[in-house]
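K.L.:
What follows is start_33.cif, made up of mmCIF, C-alpha atoms:
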data_start
#
loop_
_atom_site.label_atom_id
_atom_site.label_comp_id
_atom_site.auth_asym_id
_atom_site.auth_seq_id
_atom_site.Cartn_x
_atom_site.Cartn_y
_atom_site.Cartn_z
CA MET A 1 -8.91 19.57 -10.58
CA GLY A 2 -8.22 16.13 -11.88
CA LYS A 3 -9.40 14.10 -14.81
CA ARG A 4 -12.17 11.51 -14.47
CA VAL A 5 -11.04 8.13 -15.84
CA GLY A 6 -12.23 4.54 -15.70
CA MET A 7 -9.52 2.59 -13.92
CA GLU A 8 -8.99 -0.65 -12.05
CA VAL A 9 -8.84 0.27 -8.36
CA ALA A 10 -5.61 -1.65 -7.64
CA ILE A 11 -3.90 0.27 -10.44
CA ALA A 12 -5.41 3.52 -9.20
CA SER A 13 -3.81 2.95 -5.79
CA ALA A 14 -0.38 2.66 -7.43
CA GLU A 15 -1.09 5.76 -9.52
CA ALA A 16 -1.98 7.67 -6.35
CA ALA A 17 1.32 6.60 -4.78
CA ALA A 18 3.10 7.83 -7.91
CA LEU A 19 1.41 11.21 -7.53
CA CYS A 20 3.03 11.35 -4.08
CA ARG A 21 6.44 10.78 -5.72
CA PHE A 22 7.61 7.83 -3.66
CA ASP A 23 11.35 7.14 -3.62
CA VAL A 24 11.25 3.39 -2.98
CA ALA A 25 8.69 0.65 -3.59
CA ALA A 26 9.52 -2.62 -1.82
CA VAL A 27 6.85 -5.16 -2.69
CA TYR A 28 6.39 -8.91 -2.97
CA PRO A 29 3.32 -9.87 -5.05
CA ILE A 30 0.46 -11.85 -3.53
CA THR A 31 -3.10 -12.27 -4.80
CA PRO A 32 -5.16 -10.03 -4.95
CA GLN A 33 -2.50 -7.34 -4.47
CA SER A 34 -0.43 -8.45 -7.48
CA HIS A 35 -1.76 -5.72 -9.78
CA VAL A 36 -0.55 -3.08 -7.28
CA ALA A 37 2.95 -4.58 -7.26
CA GLU A 38 3.03 -4.92 -11.05
CA HIS A 39 1.90 -1.36 -11.63
CA LEU A 40 4.33 0.13 -9.11
CA SER A 41 7.07 -1.74 -10.96
CA ASP A 42 5.84 -0.40 -14.31
CA ILE A 43 5.71 3.17 -12.99
CA VAL A 44 9.35 2.94 -11.89
CA ALA A 45 10.51 1.11 -15.04
CA ASP A 46 8.81 3.72 -17.25
CA GLY A 47 10.63 6.51 -15.38
CA ARG A 48 7.41 8.19 -14.30
CA VAL A 49 8.88 8.63 -10.82
CA ASP A 50 12.54 8.90 -9.87
CA ALA A 51 12.41 5.85 -7.62
CA SER A 52 13.75 2.38 -7.00
CA PHE A 53 11.67 -0.78 -7.14
CA MET A 54 13.11 -3.40 -4.80
CA THR A 55 12.62 -6.98 -5.85
CA VAL A 56 12.55 -8.98 -2.63
CA GLU A 57 12.13 -12.66 -1.78
CA SER A 58 9.18 -12.41 0.64
CA GLU A 59 6.70 -10.14 2.33
CA HIS A 60 8.87 -10.09 5.48
CA SER A 61 11.75 -8.86 3.33
CA ALA A 62 9.53 -6.27 1.65
CA LEU A 63 8.64 -4.62 4.94
CA SER A 64 12.18 -4.97 6.27
CA ALA A 65 13.47 -3.22 3.13
CA ALA A 66 10.77 -0.57 3.49
CA ILE A 67 11.85 0.06 7.08
CA GLY A 68 15.47 0.42 5.99
CA SER A 69 14.69 2.79 3.14
CA GLU A 70 12.28 4.92 5.17
CA ALA A 71 14.86 5.12 7.99
CA THR A 72 17.21 6.83 5.53
CA GLY A 73 14.53 9.40 4.71
CA ALA A 74 13.27 7.87 1.46
CA ARG A 75 9.51 8.11 0.93
CA THR A 76 8.53 4.44 0.82
CA VAL A 77 5.50 2.44 -0.29
CA THR A 78 4.80 -1.26 0.02
CA ALA A 79 1.78 -3.48 -0.52
CA THR A 80 0.49 -6.86 0.60
CA SER A 81 -2.49 -9.06 1.33
CA SER A 82 -3.60 -11.90 3.62
CA GLN A 83 -0.81 -14.36 4.44
CA GLY A 84 1.70 -11.77 3.29
CA LEU A 85 0.54 -9.37 5.99
CA LEU A 86 0.78 -12.13 8.58
CA PHE A 87 4.32 -12.84 7.36
CA MET A 88 5.12 -9.16 7.96
CA SER A 89 3.76 -9.25 11.51
CA GLU A 90 7.18 -9.60 13.12
CA VAL A 91 8.37 -6.28 11.71
CA LEU A 92 5.12 -4.25 11.74
CA PRO A 93 5.68 -2.92 15.29
CA ILE A 94 9.28 -2.00 14.44
CA ALA A 95 8.08 0.46 11.78
CA SER A 96 5.70 2.17 14.19
CA ALA A 97 8.15 2.13 17.13
CA MET A 98 10.72 3.84 14.89
CA ARG A 99 7.97 6.29 13.78
CA LEU A 100 8.59 5.61 10.09
CA PRO A 101 5.78 6.91 7.84
CA ILE A 102 5.73 3.98 5.40
CA VAL A 103 2.56 3.69 3.32
CA MET A 104 1.24 0.15 2.83
CA LEU A 105 -1.49 -0.64 0.30
CA ILE A 106 -3.43 -3.70 1.48
CA ALA A 107 -5.82 -5.74 -0.66
CA ASN A 108 -7.77 -7.37 2.16
CA ARG A 109 -8.29 -11.10 1.80
CA ALA A 110 -9.16 -13.97 4.10
CA VAL A 111 -6.38 -15.65 5.96
CA SER A 112 -6.08 -19.06 4.32
CA GLY A 113 -8.18 -21.60 6.04
CA PRO A 114 -8.14 -23.72 3.89
CA ILE A 115 -7.28 -21.82 0.74
CA ASN A 116 -9.91 -19.13 1.08
CA ILE A 117 -9.00 -16.23 -1.20
CA TRP A 118 -12.20 -14.20 -0.81
CA ASN A 119 -12.44 -10.81 0.76
CA ASP A 120 -12.60 -10.27 4.49
CA HIS A 121 -10.60 -8.44 7.15
CA SER A 122 -9.09 -11.42 8.95
CA ASP A 123 -5.69 -10.28 7.65
CA ILE A 124 -5.73 -6.73 9.04
CA MET A 125 -7.64 -7.25 12.30
CA PRO A 126 -4.81 -9.14 14.08
CA MET A 127 -2.52 -6.22 13.16
CA ARG A 128 -4.68 -3.43 14.54
CA ASP A 129 -2.57 -2.99 17.70
CA THR A 130 0.83 -2.77 15.99
CA GLY A 131 0.88 1.04 16.00
CA TRP A 132 -0.08 1.59 12.37
CA ILE A 133 -2.81 4.01 11.32
CA SER A 134 -5.42 2.14 9.26
CA PHE A 135 -7.66 3.65 6.59
CA PHE A 136 -10.50 1.55 5.12
CA ALA A 137 -11.75 2.54 1.66
CA ASP A 138 -15.25 1.87 0.42
CA ASN A 139 -14.70 2.66 -3.26
CA GLY A 140 -12.01 3.47 -5.79
CA GLN A 141 -12.12 7.22 -5.23
CA GLU A 142 -11.56 6.69 -1.52
CA VAL A 143 -8.58 4.43 -2.29
CA VAL A 144 -6.97 7.20 -4.34
CA ASP A 145 -7.79 9.93 -1.83
CA MET A 146 -6.74 7.87 1.17
CA THR A 147 -3.45 6.84 -0.44
CA ILE A 148 -2.56 10.50 -0.90
CA GLN A 149 -3.77 11.30 2.62
CA ALA A 150 -1.73 8.40 4.01
CA PHE A 151 1.51 10.06 2.92
CA LYS A 152 0.40 13.47 4.26
CA VAL A 153 -0.85 12.16 7.60
CA GLY A 154 1.99 9.71 8.22
CA GLU A 155 4.68 12.28 7.43
CA ASP A 156 3.16 15.06 9.53
CA ARG A 157 5.72 15.88 12.25
CA ARG A 158 2.96 15.61 14.87
CA VAL A 159 2.21 12.05 13.73
CA MET A 160 5.21 10.28 12.14
CA LEU A 161 3.60 6.84 11.94
CA PRO A 162 3.16 4.22 9.23
CA VAL A 163 -0.23 4.10 7.52
CA ASN A 164 -2.03 1.29 5.73
CA VAL A 165 -4.78 1.81 3.18
CA ASN A 166 -7.17 -1.15 3.10
CA MET A 167 -9.27 -2.06 0.08
CA ASP A 168 -11.45 -5.11 -0.31
CA GLY A 169 -9.62 -7.79 -2.24
CA PHE A 170 -11.20 -8.70 -5.60
CA GLN A 171 -14.50 -6.94 -4.81
CA LEU A 172 -12.76 -3.58 -4.95
CA THR A 173 -9.19 -4.14 -6.16
CA HIS A 174 -10.24 -5.67 -9.48
CA MET A 175 -13.22 -3.37 -10.07
CA VAL A 176 -13.01 -0.73 -12.78
CA GLU A 177 -14.57 2.47 -11.45
CA PRO A 178 -14.78 6.09 -12.54
CA ILE A 179 -12.06 7.84 -10.54
CA ILE A 180 -10.99 11.46 -10.48
CA MET A 181 -7.20 11.34 -10.52
CA PRO A 182 -5.86 14.59 -9.05
CA ASP A 183 -3.35 16.67 -10.97
CA GLN A 184 0.25 16.53 -9.76
CA GLU A 185 -0.05 20.02 -8.28
#
Go ahead and express the file in the form of structure tokens.
P.N.:
Amino acid sequence: MGKRVGMEVAIASAEAAALCRFDVAAVYPITPQSHVAEHLSDIVADGRVDASFMTVESEHSALSAAIGSEATGARTVTATSSQGLLFMSEVLPIASAMRLPIVMLIANRAVSGPINIWNDHSDIMPMRDTGWISFFADNGQEVVDMTIQAFKVGEDRRVMLPVNVNMDGFQLTHMVEPIIMPDQE
């Protein structure tokens, strides 16, 4: 059994990915996902997982790097939000067509029109037919549980597909909630 802690949900998603012992994190920060990117970087820099953090120049590059690393067999995580997800749209179907079980943490946010940064699902809905499995979390505990499940489901030999875990931007990502973080075992 895990320990119950108060934690920002965006940080909890990165902690859940760390529990899954990812090998590569390829992320470009974008609001409101920035805390996920920062914390993944901290986890790698602190040596808490034996992994590489890839600093890339754009969201398109982040997913392209994730595809490359996952194609070599490295367990890979990425994260994005809003315009960043749209920028990844060219390579999203490549990941699913190659059956690469990348896990993407998405802080859902409106597609800019004009400069709307509030929560909605206009970023993920255009991507629903790209072959990715989509999980939608309602609270911080679900974000943690679904992140762990995303690795298990995506990597199952009967599935072998990329998975995204969606959490409401700001309304959930920046919320501090009581979360039971599972033990490593």
K.L.:
To verify the selection step, state as a PyMOL selection string which residues the PyMOL selection byres ((chain A and resi 152-158) around 10) yields on this input.
P.N.:
chain A and resi 20+75+99-103+132-133+146-151+159-164
K.L.:
When distances are computed from only C-alpha atoms, which of A:Ile117, A:Ala66, A:Thr72, A:Thr31 shows the smallest separation from Ala95 (chain A)?
P.N.:
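Of all the options, A:Ala66 lies closest to Ala95 (chain A).
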K.L.:
Written as a VMD selection string, which residues does the PyMOL selection byres ((chain A and resi 174-179) around 12) give for the file shown?
P.N.:
chain A and resid 2 to 13 15 to 16 31 to 36 107 119 138 to 145 167 to 173 180 to 182
K.L.:
Name the residues in contact with region 26-29 of chain A at a cut-off of 9 Å, using all atoms listed in the file, excluding same-chain residues fewer than 2 positions from it; report them as a PyMOL selection string.
P.N.:
chain A and resi 24+31-38+40-41+52-66+69+76-81+84
K.L.:
Hey, can you check how far CA of Ser96 (chain A) sits from CA of Gly131 (chain A)?
P.N.:
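Spanning CA of Ser96 (chain A) to CA of Gly131 (chain A) is a straight-line distance of 5.3 Å.
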K.L.:
Translate the PyMOL selection byres ((chain A and resi 50) around 9) into a concrete residue list for this structure, as a PDB file with C-alpha atoms, in the coordinates of the input.
P.N.:
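What follows is the written file out-v9.pdb:
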ATOM      1  CA  ARG A  21       6.440  10.780  -5.720  1.00  0.00           C
ATOM      2  CA  PHE A  22       7.610   7.830  -3.660  1.00  0.00           C
ATOM      3  CA  ASP A  23      11.350   7.140  -3.620  1.00  0.00           C
ATOM      4  CA  VAL A  24      11.250   3.390  -2.980  1.00  0.00           C
ATOM      5  CA  VAL A  44       9.350   2.940 -11.890  1.00  0.00           C
ATOM      6  CA  GLY A  47      10.630   6.510 -15.380  1.00  0.00           C
ATOM      7  CA  ARG A  48       7.410   8.190 -14.300  1.00  0.00           C
ATOM      8  CA  VAL A  49       8.880   8.630 -10.820  1.00  0.00           C
ATOM      9  CA  ALA A  51      12.410   5.850  -7.620  1.00  0.00           C
ATOM     10  CA  SER A  52      13.750   2.380  -7.000  1.00  0.00           C
TER      11      SER A  52
END
K.L.:
Suppose you want the space between CA of Ser134 (chain A) and CA of Leu105 (chain A); what is it in Å?
P.N.:
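If I compute the distance from CA of Ser134 (chain A) to CA of Leu105 (chain A), I get 10.2 Å.
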K.L.:
One decimal, Å: what's the distance from CA of Met98 (chain A) over to CA of Arg128 (chain A), could you say?
P.N.:
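Interatomic distance, CA of Met98 (chain A) to CA of Arg128 (chain A): 17.0 Å.
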